[in-house]
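Reproduced below: query.cif, with mmCIF, C-alpha atoms; chains and numbers go by the auth columns.
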```
data_upload
loop_
_atom_site.group_PDB
_atom_site.id
_atom_site.type_symbol
_atom_site.label_atom_id
_atom_site.label_comp_id
_atom_site.label_asym_id
_atom_site.label_seq_id
_atom_site.Cartn_x
_atom_site.Cartn_y
_atom_site.Cartn_z
_atom_site.B_iso_or_equiv
_atom_site.auth_seq_id
_atom_site.auth_asym_id
ATOM 1 C CA MET A 1 25.660 90.515 75.638 0.00 1 A
ATOM 2 C CA ALA A 2 27.372 91.632 78.851 0.00 2 A
ATOM 3 C CA ASN A 3 25.241 92.562 81.833 0.00 3 A
ATOM 4 C CA ASP A 4 24.811 96.244 82.614 0.00 4 A
ATOM 5 C CA TYR A 5 26.501 95.695 85.969 0.00 5 A
ATOM 6 C CA PHE A 6 28.871 93.348 87.787 0.00 6 A
ATOM 7 C CA ARG A 7 28.514 93.008 91.545 0.00 7 A
ATOM 8 C CA PHE A 8 31.543 92.479 93.748 0.00 8 A
ATOM 9 C CA LYS A 9 31.631 92.011 97.519 0.00 9 A
ATOM 10 C CA GLN A 10 32.168 95.663 98.413 0.00 10 A
ATOM 11 C CA PHE A 11 31.132 97.582 95.283 0.00 11 A
ATOM 12 C CA THR A 12 29.161 97.305 92.055 0.00 12 A
ATOM 13 C CA ILE A 13 30.485 98.123 88.609 0.00 13 A
ATOM 14 C CA TRP A 14 27.963 99.538 86.141 0.00 14 A
ATOM 15 C CA GLN A 15 29.343 99.271 82.608 0.00 15 A
ATOM 16 C CA SER A 16 26.724 100.039 79.955 0.00 16 A
ATOM 17 C CA GLN A 17 28.503 103.268 78.921 0.00 17 A
ATOM 18 C CA CYS A 18 31.982 101.725 78.648 0.00 18 A
ATOM 19 C CA ALA A 19 33.423 100.042 75.576 0.00 19 A
ATOM 20 C CA MET A 20 35.394 97.536 77.623 0.00 20 A
ATOM 21 C CA LYS A 21 33.381 95.604 80.192 0.00 21 A
ATOM 22 C CA VAL A 22 34.495 93.930 83.405 0.00 22 A
ATOM 23 C CA GLY A 23 36.817 91.088 82.462 0.00 23 A
ATOM 24 C CA THR A 24 39.444 88.729 83.765 0.00 24 A
ATOM 25 C CA ASP A 25 42.386 90.973 82.807 0.00 25 A
ATOM 26 C CA GLY A 26 41.295 93.915 84.927 0.00 26 A
ATOM 27 C CA THR A 27 40.322 91.717 87.858 0.00 27 A
ATOM 28 C CA LEU A 28 43.685 89.959 87.774 0.00 28 A
ATOM 29 C CA LEU A 29 45.628 93.211 87.737 0.00 29 A
ATOM 30 C CA GLY A 30 43.564 94.826 90.482 0.00 30 A
ATOM 31 C CA ALA A 31 44.194 91.844 92.735 0.00 31 A
ATOM 32 C CA TRP A 32 47.888 91.383 91.858 0.00 32 A
ATOM 33 C CA ALA A 33 49.444 94.850 91.616 0.00 33 A
ATOM 34 C CA HIS A 34 51.433 96.343 94.461 0.00 34 A
ATOM 35 C CA GLY A 35 50.089 99.543 95.990 0.00 35 A
ATOM 36 C CA GLY A 36 51.467 102.576 97.769 0.00 36 A
ATOM 37 C CA LYS A 37 50.383 105.852 99.317 0.00 37 A
ATOM 38 C CA THR A 38 49.536 107.238 95.878 0.00 38 A
ATOM 39 C CA ILE A 39 48.107 105.044 93.114 0.00 39 A
ATOM 40 C CA LEU A 40 47.260 105.933 89.517 0.00 40 A
ATOM 41 C CA ASP A 41 45.044 103.745 87.303 0.00 41 A
ATOM 42 C CA VAL A 42 45.720 104.556 83.637 0.00 42 A
ATOM 43 C CA GLY A 43 42.739 104.048 81.326 0.00 43 A
ATOM 44 C CA THR A 44 40.441 103.403 84.247 0.00 44 A
ATOM 45 C CA GLY A 45 37.369 102.570 82.122 0.00 45 A
ATOM 46 C CA THR A 46 34.615 101.502 84.523 0.00 46 A
ATOM 47 C CA GLY A 47 36.844 102.285 87.497 0.00 47 A
ATOM 48 C CA LEU A 48 37.177 98.596 88.379 0.00 48 A
ATOM 49 C CA ILE A 49 40.925 98.479 88.991 0.00 49 A
ATOM 50 C CA ALA A 50 40.914 101.808 90.834 0.00 50 A
ATOM 51 C CA LEU A 51 38.204 100.545 93.174 0.00 51 A
ATOM 52 C CA MET A 52 39.990 97.241 93.726 0.00 52 A
ATOM 53 C CA MET A 53 43.171 99.097 94.644 0.00 53 A
ATOM 54 C CA ALA A 54 41.220 101.392 96.968 0.00 54 A
ATOM 55 C CA GLN A 55 39.738 98.348 98.700 0.00 55 A
ATOM 56 C CA ARG A 56 43.128 96.675 99.078 0.00 56 A
ATOM 57 C CA PHE A 57 44.955 99.838 100.165 0.00 57 A
ATOM 58 C CA PRO A 58 42.410 101.872 102.169 0.00 58 A
ATOM 59 C CA MET A 59 44.940 104.510 103.250 0.00 59 A
ATOM 60 C CA ALA A 60 46.070 105.226 99.687 0.00 60 A
ATOM 61 C CA GLN A 61 45.139 108.197 97.529 0.00 61 A
ATOM 62 C CA VAL A 62 43.810 106.463 94.406 0.00 62 A
ATOM 63 C CA THR A 63 43.270 108.262 91.091 0.00 63 A
ATOM 64 C CA GLY A 64 41.805 106.907 87.855 0.00 64 A
ATOM 65 C CA VAL A 65 42.261 108.673 84.521 0.00 65 A
ATOM 66 C CA ASP A 66 40.513 108.086 81.204 0.00 66 A
ATOM 67 C CA ILE A 67 40.495 110.024 77.934 0.00 67 A
ATOM 68 C CA ASP A 68 36.976 108.825 77.022 0.00 68 A
ATOM 69 C CA GLU A 69 34.215 111.057 78.426 0.00 69 A
ATOM 70 C CA MET A 70 31.631 108.275 78.804 0.00 70 A
ATOM 71 C CA ALA A 71 34.123 106.069 80.625 0.00 71 A
ATOM 72 C CA TYR A 72 34.954 109.002 82.891 0.00 72 A
ATOM 73 C CA ARG A 73 31.275 109.476 83.707 0.00 73 A
ATOM 74 C CA GLN A 74 30.692 105.772 84.294 0.00 74 A
ATOM 75 C CA ALA A 75 33.729 105.431 86.540 0.00 75 A
ATOM 76 C CA SER A 76 32.693 108.534 88.480 0.00 76 A
ATOM 77 C CA GLU A 77 29.233 107.087 89.064 0.00 77 A
ATOM 78 C CA ASN A 78 30.682 103.759 90.201 0.00 78 A
ATOM 79 C CA VAL A 79 33.044 105.496 92.600 0.00 79 A
ATOM 80 C CA ASP A 80 30.316 107.788 93.959 0.00 80 A
ATOM 81 C CA ALA A 81 28.093 104.764 94.646 0.00 81 A
ATOM 82 C CA SER A 82 30.883 103.018 96.579 0.00 82 A
ATOM 83 C CA SER A 83 32.301 103.603 100.036 0.00 83 A
ATOM 84 C CA PHE A 84 35.839 104.125 98.736 0.00 84 A
ATOM 85 C CA ARG A 85 37.839 107.287 98.161 0.00 85 A
ATOM 86 C CA VAL A 86 38.864 107.469 94.522 0.00 86 A
ATOM 87 C CA SER A 87 39.389 110.508 92.278 0.00 87 A
ATOM 88 C CA ILE A 88 38.483 110.151 88.607 0.00 88 A
ATOM 89 C CA MET A 89 39.977 112.469 85.975 0.00 89 A
ATOM 90 C CA HIS A 90 38.788 113.034 82.396 0.00 90 A
ATOM 91 C CA ARG A 91 42.178 113.613 80.830 0.00 91 A
ATOM 92 C CA ASP A 92 44.749 112.282 78.411 0.00 92 A
ATOM 93 C CA PHE A 93 47.263 110.242 80.403 0.00 93 A
ATOM 94 C CA LEU A 94 50.092 112.176 78.753 0.00 94 A
ATOM 95 C CA GLU A 95 48.753 115.357 80.384 0.00 95 A
ATOM 96 C CA VAL A 96 48.705 113.907 83.894 0.00 96 A
ATOM 97 C CA ASP A 97 51.302 115.197 86.350 0.00 97 A
ATOM 98 C CA GLY A 98 52.251 114.358 89.912 0.00 98 A
ATOM 99 C CA CYS A 99 54.184 111.566 91.608 0.00 99 A
ATOM 100 C CA TYR A 100 52.802 108.069 92.257 0.00 100 A
ATOM 101 C CA GLN A 101 54.186 105.110 94.177 0.00 101 A
ATOM 102 C CA SER A 102 52.058 102.709 92.154 0.00 102 A
ATOM 103 C CA ILE A 103 50.873 103.008 88.558 0.00 103 A
ATOM 104 C CA VAL A 104 48.571 100.318 87.189 0.00 104 A
ATOM 105 C CA SER A 105 47.210 99.880 83.694 0.00 105 A
ATOM 106 C CA ASN A 106 45.279 97.426 81.553 0.00 106 A
ATOM 107 C CA PRO A 107 46.563 99.214 78.428 0.00 107 A
ATOM 108 C CA PRO A 108 45.341 99.170 74.821 0.00 108 A
ATOM 109 C CA TYR A 109 46.900 96.123 73.223 0.00 109 A
ATOM 110 C CA PHE A 110 46.088 95.802 69.514 0.00 110 A
ATOM 111 C CA GLU A 111 48.992 97.294 67.557 0.00 111 A
ATOM 112 C CA SER A 112 48.694 96.041 63.990 0.00 112 A
ATOM 113 C CA SER A 113 45.198 94.567 63.674 0.00 113 A
ATOM 114 C CA LEU A 114 42.338 96.357 61.955 0.00 114 A
ATOM 115 C CA GLU A 115 40.775 98.996 64.120 0.00 115 A
ATOM 116 C CA CYS A 116 37.273 98.461 65.421 0.00 116 A
ATOM 117 C CA PRO A 117 34.579 100.598 63.765 0.00 117 A
ATOM 118 C CA ASP A 118 33.294 101.555 67.223 0.00 118 A
ATOM 119 C CA ASP A 119 35.352 104.638 68.210 0.00 119 A
ATOM 120 C CA LYS A 120 35.034 103.910 71.935 0.00 120 A
ATOM 121 C CA ARG A 121 36.316 100.365 71.537 0.00 121 A
ATOM 122 C CA THR A 122 39.150 101.647 69.355 0.00 122 A
ATOM 123 C CA LEU A 123 40.219 104.020 72.142 0.00 123 A
ATOM 124 C CA ALA A 124 40.043 101.253 74.706 0.00 124 A
ATOM 125 C CA ARG A 125 41.627 98.437 72.669 0.00 125 A
ATOM 126 C CA HIS A 126 44.110 99.901 70.175 0.00 126 A
ATOM 127 C CA THR A 127 47.491 101.445 70.901 0.00 127 A
ATOM 128 C CA ALA A 128 46.667 104.334 68.570 0.00 128 A
ATOM 129 C CA SER A 129 45.131 105.932 71.664 0.00 129 A
ATOM 130 C CA LEU A 130 48.143 105.192 73.905 0.00 130 A
ATOM 131 C CA SER A 131 51.235 103.519 72.477 0.00 131 A
ATOM 132 C CA TYR A 132 53.429 101.290 74.614 0.00 132 A
ATOM 133 C CA HIS A 133 56.230 103.810 74.048 0.00 133 A
ATOM 134 C CA HIS A 134 54.224 106.709 75.442 0.00 134 A
ATOM 135 C CA LEU A 135 52.843 104.578 78.276 0.00 135 A
ATOM 136 C CA MET A 136 56.335 103.677 79.430 0.00 136 A
ATOM 137 C CA GLN A 137 57.832 107.125 78.880 0.00 137 A
ATOM 138 C CA HIS A 138 55.168 109.010 80.823 0.00 138 A
ATOM 139 C CA ALA A 139 54.836 106.358 83.519 0.00 139 A
ATOM 140 C CA TRP A 140 58.573 106.816 84.143 0.00 140 A
ATOM 141 C CA SER A 141 58.102 110.561 84.608 0.00 141 A
ATOM 142 C CA LEU A 142 55.249 110.037 87.105 0.00 142 A
ATOM 143 C CA LEU A 143 56.582 107.075 89.073 0.00 143 A
ATOM 144 C CA ALA A 144 58.284 107.641 92.422 0.00 144 A
ATOM 145 C CA ASP A 145 61.876 106.453 92.674 0.00 145 A
ATOM 146 C CA ASP A 146 60.778 103.478 94.794 0.00 146 A
ATOM 147 C CA GLY A 147 57.503 102.940 92.921 0.00 147 A
ATOM 148 C CA GLU A 148 56.255 100.132 90.693 0.00 148 A
ATOM 149 C CA LEU A 149 54.420 100.095 87.357 0.00 149 A
ATOM 150 C CA SER A 150 52.095 97.087 86.963 0.00 150 A
ATOM 151 C CA ILE A 151 50.339 96.051 83.760 0.00 151 A
ATOM 152 C CA VAL A 152 48.436 93.133 82.233 0.00 152 A
ATOM 153 C CA ILE A 153 49.007 92.292 78.563 0.00 153 A
ATOM 154 C CA PRO A 154 48.333 89.466 76.083 0.00 154 A
ATOM 155 C CA THR A 155 51.240 87.100 75.517 0.00 155 A
ATOM 156 C CA GLU A 156 51.847 88.355 71.981 0.00 156 A
ATOM 157 C CA SER A 157 52.577 91.855 73.339 0.00 157 A
ATOM 158 C CA LYS A 158 55.128 90.714 75.935 0.00 158 A
ATOM 159 C CA GLY A 159 58.234 91.232 73.813 0.00 159 A
ATOM 160 C CA ARG A 160 57.137 94.677 72.671 0.00 160 A
ATOM 161 C CA ILE A 161 56.412 95.826 76.230 0.00 161 A
ATOM 162 C CA GLU A 162 59.739 94.501 77.496 0.00 162 A
ATOM 163 C CA GLU A 163 61.558 96.317 74.689 0.00 163 A
ATOM 164 C CA GLU A 164 59.875 99.645 75.427 0.00 164 A
ATOM 165 C CA ALA A 165 60.419 99.207 79.165 0.00 165 A
ATOM 166 C CA ALA A 166 64.143 98.588 78.659 0.00 166 A
ATOM 167 C CA LEU A 167 64.517 101.533 76.281 0.00 167 A
ATOM 168 C CA THR A 168 62.850 103.772 78.870 0.00 168 A
ATOM 169 C CA GLY A 169 65.137 102.565 81.654 0.00 169 A
ATOM 170 C CA PHE A 170 62.768 100.272 83.526 0.00 170 A
ATOM 171 C CA PHE A 171 63.792 96.959 85.074 0.00 171 A
ATOM 172 C CA LYS A 172 61.343 94.107 85.396 0.00 172 A
ATOM 173 C CA SER A 173 60.634 93.229 89.022 0.00 173 A
ATOM 174 C CA ARG A 174 57.791 90.685 88.816 0.00 174 A
ATOM 175 C CA GLU A 175 56.125 88.533 86.182 0.00 175 A
ATOM 176 C CA CYS A 176 53.208 86.108 86.303 0.00 176 A
ATOM 177 C CA ALA A 177 52.328 83.928 83.309 0.00 177 A
ATOM 178 C CA VAL A 178 48.570 83.287 83.331 0.00 178 A
ATOM 179 C CA LYS A 179 47.060 80.260 81.621 0.00 179 A
ATOM 180 C CA THR A 180 43.365 79.797 80.914 0.00 180 A
ATOM 181 C CA THR A 181 43.636 76.065 81.709 0.00 181 A
ATOM 182 C CA PRO A 182 46.574 73.900 82.890 0.00 182 A
ATOM 183 C CA THR A 183 47.283 72.398 79.453 0.00 183 A
ATOM 184 C CA LYS A 184 47.295 75.648 77.463 0.00 184 A
ATOM 185 C CA GLN A 185 50.125 78.106 76.923 0.00 185 A
ATOM 186 C CA PRO A 186 49.968 81.417 78.840 0.00 186 A
ATOM 187 C CA LYS A 187 47.349 83.720 77.345 0.00 187 A
ATOM 188 C CA ARG A 188 48.324 86.839 79.290 0.00 188 A
ATOM 189 C CA TYR A 189 51.066 88.167 81.532 0.00 189 A
ATOM 190 C CA LEU A 190 50.988 90.283 84.658 0.00 190 A
ATOM 191 C CA MET A 191 54.194 92.332 84.681 0.00 191 A
ATOM 192 C CA ALA A 192 55.729 94.854 87.051 0.00 192 A
ATOM 193 C CA PHE A 193 58.598 97.269 86.464 0.00 193 A
ATOM 194 C CA ARG A 194 60.772 99.465 88.675 0.00 194 A
ATOM 195 C CA LYS A 195 63.359 102.175 88.080 0.00 195 A
ATOM 196 C CA HIS A 196 66.136 100.174 89.713 0.00 196 A
ATOM 197 C CA ARG A 197 67.368 96.665 89.074 0.00 197 A
ATOM 198 C CA VAL A 198 66.147 94.007 91.525 0.00 198 A
ATOM 199 C CA ASP A 199 68.355 91.167 92.752 0.00 199 A
ATOM 200 C CA GLU A 200 66.046 88.592 91.198 0.00 200 A
ATOM 201 C CA VAL A 201 62.888 88.907 89.102 0.00 201 A
ATOM 202 C CA GLU A 202 59.954 87.208 90.818 0.00 202 A
ATOM 203 C CA ARG A 203 58.483 84.775 88.271 0.00 203 A
ATOM 204 C CA THR A 204 55.280 82.875 88.965 0.00 204 A
ATOM 205 C CA GLU A 205 52.535 81.105 87.036 0.00 205 A
ATOM 206 C CA GLY A 206 48.763 81.003 87.487 0.00 206 A
ATOM 207 C CA VAL A 207 45.828 79.129 86.000 0.00 207 A
ATOM 208 C CA ILE A 208 42.310 80.573 85.742 0.00 208 A
ATOM 209 C CA GLU A 209 40.329 77.309 85.564 0.00 209 A
ATOM 210 C CA ASP A 210 41.516 73.837 86.536 0.00 210 A
ATOM 211 C CA ALA A 211 38.355 72.375 84.951 0.00 211 A
ATOM 212 C CA PRO A 212 35.580 73.832 82.745 0.00 212 A
ATOM 213 C CA LYS A 213 33.774 76.581 84.694 0.00 213 A
ATOM 214 C CA ARG A 214 35.699 75.747 87.880 0.00 214 A
ATOM 215 C CA ARG A 215 38.064 78.430 89.114 0.00 215 A
ATOM 216 C CA SER A 216 41.465 77.208 90.197 0.00 216 A
ATOM 217 C CA ALA A 217 42.660 77.423 93.784 0.00 217 A
ATOM 218 C CA TRP A 218 45.215 80.044 92.670 0.00 218 A
ATOM 219 C CA TYR A 219 42.585 82.269 91.071 0.00 219 A
ATOM 220 C CA GLN A 220 40.183 81.871 93.985 0.00 220 A
ATOM 221 C CA ALA A 221 42.885 82.826 96.476 0.00 221 A
ATOM 222 C CA LEU A 222 43.925 85.857 94.415 0.00 222 A
ATOM 223 C CA THR A 223 40.369 87.199 94.011 0.00 223 A
ATOM 224 C CA GLN A 224 38.657 85.957 97.164 0.00 224 A
ATOM 225 C CA ASP A 225 38.249 89.459 98.612 0.00 225 A
ATOM 226 C CA PHE A 226 36.280 90.573 95.564 0.00 226 A
ATOM 227 C CA TYR A 227 34.111 87.895 93.975 0.00 227 A
ATOM 228 C CA LEU A 228 30.802 87.031 95.618 0.00 228 A
#
```
How does the structure come out when it is put into structure tokens?
Amino acid sequence: MANDYFRFKQFTIWQSQCAMKVGTDGTLLGAWAHGGKTILDVGTGTGLIALMMAQRFPMAQVTGVDIDEMAYRQASENVDASSFRVSIMHRDFLEVDGCYQSIVSNPPYFESSLECPDDKRTLARHTASLSYHHLMQHAWSLLADDGELSIVIPTESKGRIEEEAALTGFFKSRECAVKTTPTKQPKRYLMAFRKHRVDEVERTEGVIEDAPKRRSAWYQALTQDFYL
């Protein structure tokens, strides 16, 4: 069973009311994504990524949005207990308006598997609550012309995301293949998209652990400002 809270260097994430707990995916994205003056975290959950972005970009106006009321309350409490300026909205992402230089999301990722009987986990994990098509379409409408959309997805969803991004008009700008260990195939991808074609897509690779229970130098460097 996950702990009720996860303590980072500059804030604590309480998570008992959220379906999706603090995990590697969110931490990776919060440490990897580019920022801007205005940042939107889609499906903020506990508020983890929003708080990480606020820590990394202290002059930014950071907003987190979640359709689930309990997640909204939990994220609000986590933000209120921190020293960072973050606004949390209880709203469907498709109803959000405005203009953002950075949009980040650890989106729902199960498309065809059986839905979880827990309604909260279904909202958080299955694309029935936010399809890749709608994520890309609305992110395009909210993203500034020079902005960047950053997401983290499982490897099996990579092709689907790339297809929807291309159909929307996005161009990939960065990609990081993340392996659990050096000998395994990538389990997840960090991906970033822009509205205009870049000269060359930045492609990198990272490994979480270089030995059992020993974080790699890459992962330590990426997350050193957050983990105790």
Which value, in Å to one decimal, gives the distance between CA of Thr183 (chain A) and CA of Gly159 (chain A)?
->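 Separation between CA of Thr183 (chain A) and CA of Gly159 (chain A): 22.5 Å.
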Take CA of Lys21 (chain A) and CA of Ala71 (chain A) and report the distance between them in Å, one decimal.
-> 10.5 Å
Give as a PyMOL selection string the residues that the PyMOL selection byres ((chain A and resi 55-58) around 8) matches when applied to the coordinates above.
-> chain A and resi 35-36+51-54+59-60+84
Written as a list in words, what is the full residue list that the PyMOL selection byres ((chain A and resi 228) around 10) yields on the file shown?
-> Arg7, Phe8, Lys9, Gln10, Thr223, Gln224, Asp225, Phe226 and Tyr227 of chain A
Could the residues of region 40-104 of chain A that have an atom at most 6 Å from region 130-150 of chain A be listed as CSV, each with its closest atom pair and the distance in Å to one decimal, counting all atoms listed in the file and ordered by chain and ascending residue number?
```
residue,atom,partner,partner_atom,distance
A:Gly98,CA,A:Leu142,CA,6.0
A:Cys99,CA,A:Leu142,CA,4.9
A:Tyr100,CA,A:Leu143,CA,5.0
A:Gln101,CA,A:Gly147,CA,4.2
A:Ser102,CA,A:Glu148,CA,5.1
A:Ile103,CA,A:Leu149,CA,4.7
A:Val104,CA,A:Ser150,CA,4.8
```
